[in-house]
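Chemist: Quick one: this structure, given as structure tokens, is what I'll be asking you about.
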Amino acid sequence: MASNAKFNFKKSITDALADKQLRANFKFATDALRGKRLAVLSDPEETLHLRKVGNAIKRKGLTQLPQLLEKLEAKCQENGIIVHWAETTAEANEIVLGIMEKHSGHKVVKGKSMVSEEMHLNKFLEDKGKLPLETDLGEYIIQLNHEPPSHIIVPAVHKNRKQIAQIFADNIPGVSYTEDTTELLAIARGKLREHYRTADIGLSGVNFAIAESGTLCLVENEGNGRMCTTVPPVHVALMGLEKVVEKLEDVPPLYRLLCGSATGQRITTYFNMIKGPRKAGEKDGPKEVHLVILDNGRSKILADTQLRQTLQCIRCGTCLNHCPVYTRIGGHAYGSTYPGPIGEILMPQVEGLDKKGMLPTASSLCNACEEVCPVMIPIPNLIRRLRDESYDMDDDGIVKGHGYKKNRLETMVWKGWKLTQVNATCNKLMLLGVQIFGNMLPKVGPLKAWTSVRTAPKFARQSLKDLAKKEGIRNE
Amino acid sequence: MGNNPANVKTVYYFGTCLVDMAYPKAGMAGIKLLQREGVEVIFPREQGCCGQPAYNSGFRQEAKDVAWKQVQIFSGNDYPIVVPSGSCAGMMKFHYLEMFKDDPEYYEVKKFCDRVHELTSFLNTVLKAQYTDKGSPVKLTWHSSCHARREMGCTEDSKALLRQLKNVELVEIEREHECCGFGGTFSIKQPEISAAMVHDKVEDIKSTGTKKFLTGDCGCMMNITGHMGKEKVAIEGQHIAEFILERING
């Protein structure tokens with residue numbers, strides 16, 4: 001989904017809710033992921049402890065971010081990794097393209113990278129005549145079907161086995177329809193092996209970048225990450241600047257939290273630690289390794305101590321799996337690289353409230369996300385902050401597009417409401433009004449929305465205050 | 001009668017605005033359950049809303065003004081403040097602190113927050129209320145509000161009170177952890193998502209085969225019973241305080 005396409009959240013919600021198959025797919029998959037998480041993070045006390053450790057590591061890291069990044073750069077350079085800084089996604093795209101051109105590269109095999117989604121790198125490279133190929137199975141499926149991912153961890157979660165079988169049959173020449181997962185896997189593997197062998201560039205994301213040693217850690221399950229980072233002659237790693245950690249000891253707790261929260265695993269099948277290109281005398285590994293560090297609005301988020309907590313995210317996607325909104329409307333409805341609760345707080349900060357301010361409205365503030373977040377990001381409070389900034393009643397907003405929603409009607413409504421709650425006489429009059437007219441209000445505005453699927457609220461003839469007075473309950 | 005081991009003599013009651021307007025009987029039932037334990041209940045009639053609707057909707061200053069008013073109204077004595085709603089109690093116990101964290105009033109607000117209790121947890125854990133069921137056998141289910149569960153952590157207290165009622169069979173719903181889709185202004189700002197959520201909640205309640213559900217939060221109740229009414233589902237919703245009072249009075 002290109003970010004410049006007109007985003008109509010309301011319409012995408014309507015369409016998503018009407019798609020019964022989509023709802024069934026998401027329910028099935030997210031229920032399974034929640035169950036798996038709980039099986040691994042089964043001890044509530046230990047889990048809470050681990051989450052506190054994760055939170056402390058990320059919080060501390062963010063307070064030292066500039067220094068850690070400089071250290072990472074220096075250490076990476078010592079290790080022979082070429083470091084590039086990109087302030088915008090456009091710059092990051094140009095850097096990747098520049099590296100490809102330098103090596104006269106055409107084909108790039110990609111491990112899973114959300115930063116590359118943020119950059120819309122595939123489209124950019126295709127427009128330049130290059131051939132970017134996704135190798136993560138989920139990403140491979142949706143690339144065949146020309147779709148963006150619908151989940152941070154399981155990009156093809158919106159498709160079931162039969163739909164995937166059809167995508168393979170329709171898009172891979174010479175493949176006939178089969179629902180056998182072993183066969184489907186073998187087909188994908190066969191195609192991908194050939195690509196690894198012949199690719200000019202291998203691309204990957206970064207889960208943790210260790211500043212003290214200049215090590216890039218890559219967490220994956222399919223081995224495609226290792227292929228992409230070792231087989232082609234050039235490896236390009238993409239990372240958001242918040243992925244840096246101070247030291248090696250920071251990694252195990254975060255890794256455990258990531259695996260447990262994302263896929264309900266104790267460890268992943270592969271954990272790659274990349275410390276530079278092939279050295280003299282070594283028989284394999286890329287001849288050149290590049291690290292592209294992307295800002296894309298992150299340093300602005302860092303500047304505000306409350307909003308900064310957004311950057312603690314380790315991209316496990318568990319907030320998506322636990323969100324009653326995400327599990328109903330799916331990832332595509334958010335029209336954004338990052339969907340679900342984390343997307344609701346991240347996207348408006350990156351792209352502006354005027355563009356993505358609708359996202360924070362898609363939460364009942366049920367706290368399910370906050371309850372499971374491995375690094376304890378207070379997502380509901382950050383949603384509230386962005387709602388405040390949307391109206392910016394105090395004129396002190398700092399998020400791009402702040403105040404985009406400010407309007408006289410709502411301001412009047414809330415100021416009037418306040419009066420009825422802080423002034424006893426107004427409160428009495430309001431209650432009297434509700435008792436007399438409450439049950440015959442015309443079904444317009446909010447009441448229309450409410451009564452579309454519910455009966456109108458029934459207001460009582462006597463308020464609790466009336467009853468308490470009658471019953472002689474002491475009034476202070 | 002319970003044993004009120006802490007010998008609580010007096011409490012303040014914060015009725016909540018929704019109870020005041022739409023569910024006064026539930027509010028009175030809460031008062032009576034407290035009185036039954038030998039506790040004097042003070043219900044300051046100047047009280048208003050906890051401020052949550054504005055707090056969740058982007059109107060923080062209005063929420064703060066309303067919150068500060070409540071803090072003042074309940075500042076006459078340091079009695080516990082009992083609230084027949086997990087959501088309003090959560091707002092007053094935790095979010096007031098958040099709102100006032102950088103203000104000179106912080107410690108005054110904090111003293112107030114420390115006194116806030118949800119009704120069923122106050123009855124169960126502080127007053128240790130004991131109930132004898134005088135009603136006929138009934139099967140019912142329970143809906144926990146998200147803030148009762150995740151902020152006040154009082155769901156188990158509510159259920160513990162219900163389990164004392166020997167003729168009441170509690171059938172738990174499958175997705176009790178999931179929001180009913182109310183979310184205050186969420187239900188009117190995102191009506192379609194909210195509708196899908198309440199629909200699923202009602203289906204879940206229906207599948208228990210019970211004819212009644214209880215809850216400790218009237219916001220959820222208005223949402224769920226409203227959808228049941230529209231869909232002509234013959235299941236009744238009731239606030240737990242009102243239900244317990246009926247059962248023990250026979």
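Following the order of the structure tokens, chains are lettered A, B, ..., residues in each are numbered from 1, and ligands are numbered from 1.
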Among stretch 53-168 of chain A, which ones does DSSP place in strand (DSSP E or B), written as a ChimeraX atom specification?

Modeler: /A:81-86,107-110,131-134

Chemist: Skip B:Ala129 itself and residues of its chain fewer than 5 positions away, then list as an NGL selection string all residues within 12 Å of it, counting only C-alpha atoms.

Modeler: :B and (1-6 or 33-39 or 119-124 or 157-158 or 160-162 or 164-165 or 244 or 248)

Chemist: Give me, as JSON lines, each residue of chain A that comes within 8 Å of chain B, together with its shortest interatomic pair and the distance in Å at one decimal, counting only C-alpha atoms, with rows ordered by chain and rising residue number.

Modeler:
{"residue": "A:Ile13", "atom": "CA", "partner": "B:Ile193", "partner_atom": "CA", "distance": 7.5}
{"residue": "A:Thr14", "atom": "CA", "partner": "B:Glu192", "partner_atom": "CA", "distance": 7.1}
{"residue": "A:Leu17", "atom": "CA", "partner": "B:Ala196", "partner_atom": "CA", "distance": 7.6}
{"residue": "A:Pro324", "atom": "CA", "partner": "B:Glu178", "partner_atom": "CA", "distance": 6.7}
{"residue": "A:Val325", "atom": "CA", "partner": "B:Ile193", "partner_atom": "CA", "distance": 6.8}
{"residue": "A:Arg328", "atom": "CA", "partner": "B:Ile193", "partner_atom": "CA", "distance": 7.6}
{"residue": "A:Ile329", "atom": "CA", "partner": "B:Ile193", "partner_atom": "CA", "distance": 7.8}
{"residue": "A:Thr361", "atom": "CA", "partner": "B:Phe186", "partner_atom": "CA", "distance": 7.0}
{"residue": "A:Ala362", "atom": "CA", "partner": "B:Gln190", "partner_atom": "CA", "distance": 6.5}
{"residue": "A:Ser363", "atom": "CA", "partner": "B:Phe186", "partner_atom": "CA", "distance": 6.8}
{"residue": "A:Ser364", "atom": "CA", "partner": "B:Gly183", "partner_atom": "CA", "distance": 4.2}
{"residue": "A:Leu365", "atom": "CA", "partner": "B:Gly183", "partner_atom": "CA", "distance": 6.4}
{"residue": "A:Cys366", "atom": "CA", "partner": "B:Cys146", "partner_atom": "CA", "distance": 5.2}
{"residue": "A:Asn367", "atom": "CA", "partner": "B:Arg150", "partner_atom": "CA", "distance": 6.8}
{"residue": "A:Ala368", "atom": "CA", "partner": "B:Arg150", "partner_atom": "CA", "distance": 7.8}
{"residue": "A:Glu371", "atom": "CA", "partner": "B:Arg150", "partner_atom": "CA", "distance": 7.3}
{"residue": "A:Arg384", "atom": "CA", "partner": "B:Asn56", "partner_atom": "CA", "distance": 5.9}
{"residue": "A:Arg385", "atom": "CA", "partner": "B:Gly58", "partner_atom": "CA", "distance": 7.4}
{"residue": "A:Leu386", "atom": "CA", "partner": "B:Gly58", "partner_atom": "CA", "distance": 7.8}
{"residue": "A:Arg387", "atom": "CA", "partner": "B:Gly58", "partner_atom": "CA", "distance": 4.5}
{"residue": "A:Asp388", "atom": "CA", "partner": "B:Gly58", "partner_atom": "CA", "distance": 3.8}
{"residue": "A:Glu389", "atom": "CA", "partner": "B:Gly58", "partner_atom": "CA", "distance": 7.2}
{"residue": "A:Ser390", "atom": "CA", "partner": "B:Gly58", "partner_atom": "CA", "distance": 7.2}
{"residue": "A:Tyr391", "atom": "CA", "partner": "B:Gly58", "partner_atom": "CA", "distance": 6.4}
{"residue": "A:Asp392", "atom": "CA", "partner": "B:Gly58", "partner_atom": "CA", "distance": 8.0}
{"residue": "A:Met393", "atom": "CA", "partner": "B:Phe59", "partner_atom": "CA", "distance": 7.2}
{"residue": "A:Trp414", "atom": "CA", "partner": "B:Glu62", "partner_atom": "CA", "distance": 7.0}
{"residue": "A:Lys415", "atom": "CA", "partner": "B:Glu62", "partner_atom": "CA", "distance": 6.7}
{"residue": "A:Lys418", "atom": "CA", "partner": "B:Glu62", "partner_atom": "CA", "distance": 5.9}
{"residue": "A:Thr420", "atom": "CA", "partner": "B:Gly48", "partner_atom": "CA", "distance": 7.7}
{"residue": "A:Gln421", "atom": "CA", "partner": "B:Gly48", "partner_atom": "CA", "distance": 4.6}
{"residue": "A:Val422", "atom": "CA", "partner": "B:Val66", "partner_atom": "CA", "distance": 5.7}
{"residue": "A:Asn423", "atom": "CA", "partner": "B:Glu46", "partner_atom": "CA", "distance": 7.7}
{"residue": "A:Ala424", "atom": "CA", "partner": "B:Glu46", "partner_atom": "CA", "distance": 5.3}
{"residue": "A:Asn427", "atom": "CA", "partner": "B:Gly48", "partner_atom": "CA", "distance": 7.3}
{"residue": "A:Leu431", "atom": "CA", "partner": "B:Met21", "partner_atom": "CA", "distance": 6.7}
{"residue": "A:Val434", "atom": "CA", "partner": "B:Met21", "partner_atom": "CA", "distance": 7.3}
{"residue": "A:Gln435", "atom": "CA", "partner": "B:Met21", "partner_atom": "CA", "distance": 7.8}
{"residue": "A:Pro446", "atom": "CA", "partner": "B:Ile188", "partner_atom": "CA", "distance": 5.6}
{"residue": "A:Leu447", "atom": "CA", "partner": "B:Ile188", "partner_atom": "CA", "distance": 7.8}
{"residue": "A:Ala449", "atom": "CA", "partner": "B:Ile188", "partner_atom": "CA", "distance": 5.4}
{"residue": "A:Trp450", "atom": "CA", "partner": "B:Ile188", "partner_atom": "CA", "distance": 5.9}
{"residue": "A:Val453", "atom": "CA", "partner": "B:His227", "partner_atom": "CA", "distance": 5.8}
{"residue": "A:Arg454", "atom": "CA", "partner": "B:His227", "partner_atom": "CA", "distance": 4.2}
{"residue": "A:Thr455", "atom": "CA", "partner": "B:Gly226", "partner_atom": "CA", "distance": 4.7}
{"residue": "A:Ala456", "atom": "CA", "partner": "B:Gly226", "partner_atom": "CA", "distance": 6.9}
{"residue": "A:Pro457", "atom": "CA", "partner": "B:Met222", "partner_atom": "CA", "distance": 6.7}
{"residue": "A:Lys458", "atom": "CA", "partner": "B:Ala22", "partner_atom": "CA", "distance": 6.2}
{"residue": "A:Phe459", "atom": "CA", "partner": "B:Ala22", "partner_atom": "CA", "distance": 4.4}
{"residue": "A:Ala460", "atom": "CA", "partner": "B:Ala22", "partner_atom": "CA", "distance": 4.9}
{"residue": "A:Gln462", "atom": "CA", "partner": "B:Pro24", "partner_atom": "CA", "distance": 7.4}
{"residue": "A:Ser463", "atom": "CA", "partner": "B:Asp20", "partner_atom": "CA", "distance": 4.9}
{"residue": "A:Leu464", "atom": "CA", "partner": "B:Pro24", "partner_atom": "CA", "distance": 4.3}
{"residue": "A:Lys465", "atom": "CA", "partner": "B:Arg45", "partner_atom": "CA", "distance": 6.0}
{"residue": "A:Leu467", "atom": "CA", "partner": "B:Pro24", "partner_atom": "CA", "distance": 7.3}
{"residue": "A:Ala468", "atom": "CA", "partner": "B:Met28", "partner_atom": "CA", "distance": 7.1}
{"residue": "A:Ile473", "atom": "CA", "partner": "B:Ile42", "partner_atom": "CA", "distance": 6.5}
{"residue": "A:Arg474", "atom": "CA", "partner": "B:Ile42", "partner_atom": "CA", "distance": 4.9}
{"residue": "A:Asn475", "atom": "CA", "partner": "B:Pro44", "partner_atom": "CA", "distance": 4.6}
{"residue": "A:Glu476", "atom": "CA", "partner": "B:Pro44", "partner_atom": "CA", "distance": 5.2}

Chemist: Might you pull out every residue within 12 Å of A:Ala74, with only C-alpha atoms counted and same-chain residues fewer than 4 positions away left off, and present them as a list in words?

Modeler: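 These residues fall inside the cut-off: Gln67, Leu68, Leu69, Glu70, Glu78, Asn79, Gly80, Ile81, Ile82, Val83, His84, Ile210, Ala211, Glu212, Ser213, Gly214 and Thr215 of chain A.
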
Chemist: Could the residues in this selection be saved with C-alpha atoms as a PDB file, in the first residue's frame?

Modeler:
ATOM      1  CA  GLN A  67      26.262   7.989  21.914  1.00  0.00           C
ATOM      2  CA  LEU A  68      25.298   4.365  21.285  1.00  0.00           C
ATOM      3  CA  LEU A  69      24.821   5.027  17.596  1.00  0.00           C
ATOM      4  CA  GLU A  70      28.205   6.694  17.299  1.00  0.00           C
ATOM      5  CA  GLU A  78      36.409  -1.412  12.697  1.00  0.00           C
ATOM      6  CA  ASN A  79      34.768  -4.661  11.690  1.00  0.00           C
ATOM      7  CA  GLY A  80      34.734  -3.659   8.047  1.00  0.00           C
ATOM      8  CA  ILE A  81      31.051  -2.805   7.809  1.00  0.00           C
ATOM      9  CA  ILE A  82      30.291   0.287   5.748  1.00  0.00           C
ATOM     10  CA  VAL A  83      27.824   2.478   7.648  1.00  0.00           C
ATOM     11  CA  HIS A  84      25.323   4.815   5.960  1.00  0.00           C
ATOM     12  CA  ILE A 210      25.234  -4.239  19.569  1.00  0.00           C
ATOM     13  CA  ALA A 211      27.160  -0.987  20.018  1.00  0.00           C
ATOM     14  CA  GLU A 212      30.100  -2.329  22.056  1.00  0.00           C
ATOM     15  CA  SER A 213      31.089  -4.869  19.402  1.00  0.00           C
ATOM     16  CA  GLY A 214      29.504  -3.657  16.165  1.00  0.00           C
ATOM     17  CA  THR A 215      27.464  -6.868  15.833  1.00  0.00           C
TER      18      THR A 215
END

Chemist: For A:Asp136, please output as a VMD selection string all residues within 6 Å (counting only C-alpha atoms; exclusion window: fewer than 3 positions along the same chain).

Modeler: chain A and resid 111 to 112 139 to 140

Chemist: Would you list the contacts of A:Lys191 as a ChimeraX atom specification, taking every protein, DNA or RNA residue within 12 Å and counting only C-alpha atoms, but skipping same-chain residues closer than 5 positions in sequence?

Modeler: /A:109,133-135,137,140,168,172-175,184-186,196-198

Chemist: Give the alpha helix (DSSP H) residues of stretch 323-370 of chain A, as assigned by DSSP on the backbone, as a list in words.

Modeler: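 Put together, the selection reads Tyr326, Thr327, Arg328, Ile329, Gly340, Pro341, Ile342, Gly343, Glu344, Ile345, Leu346, Met347, Pro348, Gln349, Val350, Glu351, Leu353, Asp354, Lys355, Lys356, Ala368, Cys369 and Glu370 of chain A.
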
Chemist: Keeping C-alpha atoms, export the residues of the selection given above as a PDB file, in the first residue's frame.

Modeler:
ATOM      1  CA  TYR A 326      -6.857  -5.546  14.727  1.00  0.00           C
ATOM      2  CA  THR A 327      -8.183  -9.116  14.925  1.00  0.00           C
ATOM      3  CA  ARG A 328     -11.447  -7.908  13.380  1.00  0.00           C
ATOM      4  CA  ILE A 329     -10.349  -5.468  10.692  1.00  0.00           C
ATOM      5  CA  GLY A 340      -2.579  -2.474  15.050  1.00  0.00           C
ATOM      6  CA  PRO A 341      -1.888  -0.732  18.351  1.00  0.00           C
ATOM      7  CA  ILE A 342       1.792  -0.014  17.656  1.00  0.00           C
ATOM      8  CA  GLY A 343       0.843   1.400  14.261  1.00  0.00           C
ATOM      9  CA  GLU A 344      -1.800   3.596  15.868  1.00  0.00           C
ATOM     10  CA  ILE A 345       0.874   5.335  17.917  1.00  0.00           C
ATOM     11  CA  LEU A 346       3.813   5.154  15.504  1.00  0.00           C
ATOM     12  CA  MET A 347       2.280   6.082  12.144  1.00  0.00           C
ATOM     13  CA  PRO A 348       0.730   9.422  13.202  1.00  0.00           C
ATOM     14  CA  GLN A 349       4.092  10.447  14.650  1.00  0.00           C
ATOM     15  CA  VAL A 350       5.973   9.470  11.494  1.00  0.00           C
ATOM     16  CA  GLU A 351       3.499  10.647   8.856  1.00  0.00           C
ATOM     17  CA  LEU A 353      -1.782  13.443  12.532  1.00  0.00           C
ATOM     18  CA  ASP A 354      -3.306  15.159   9.523  1.00  0.00           C
ATOM     19  CA  LYS A 355      -2.546  12.017   7.512  1.00  0.00           C
ATOM     20  CA  LYS A 356      -2.856   9.230  10.079  1.00  0.00           C
ATOM     21  CA  ALA A 368      -4.992  -5.672  26.092  1.00  0.00           C
ATOM     22  CA  CYS A 369      -1.918  -4.414  24.199  1.00  0.00           C
ATOM     23  CA  GLU A 370      -0.354  -2.835  27.248  1.00  0.00           C
TER      24      GLU A 370
END

Chemist: In Å, rounded to a single decimal, give me how far atom CA of A:Gln306 is from atom CA of A:Leu382.

Modeler: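 Atom CA of A:Gln306 lies 7.6 Å from atom CA of A:Leu382.
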
Chemist: Can you list, as a list of chain:residue names, every protein, DNA or RNA residue that comes within 9 Å of B:Ser136 when you count only C-alpha atoms, leaving out same-chain residues fewer than 4 positions away?

Modeler: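 So the residues in contact are B:Asn167, B:Val168, B:Arg247, B:Gly250.
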
Chemist: Mind writing the picked residues with N, CA and C atoms as a short mmCIF file (atom, residue, chain, number, x, y, z; two decimals), in the first residue's frame?

Modeler:
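Here's the written file out_15.cif:
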data_model
loop_
_atom_site.label_atom_id
_atom_site.label_comp_id
_atom_site.auth_asym_id
_atom_site.auth_seq_id
_atom_site.Cartn_x
_atom_site.Cartn_y
_atom_site.Cartn_z
N ASN B 167 -26.91 -21.40 45.03
CA ASN B 167 -27.84 -21.79 43.97
C ASN B 167 -27.53 -21.11 42.63
N VAL B 168 -26.40 -20.46 42.59
CA VAL B 168 -26.02 -19.76 41.36
C VAL B 168 -24.91 -20.54 40.66
N ARG B 247 -30.59 -11.75 45.76
CA ARG B 247 -30.41 -13.15 46.20
C ARG B 247 -30.38 -13.29 47.71
N GLY B 250 -33.81 -12.71 49.26
CA GLY B 250 -34.78 -13.75 48.94
C GLY B 250 -35.99 -13.20 48.21
#

Chemist: Hey, what's within 7 Å of stretch 88-100 of chain A if we count only C-alpha atoms and toss same-chain stuff fewer than 2 positions away? As a list in words, please?

Modeler: Ala86, Lys102, His103, Ser104, Gly105, Met119, Leu121, Val292, Leu294, Asp295 and Asn296 of chain A
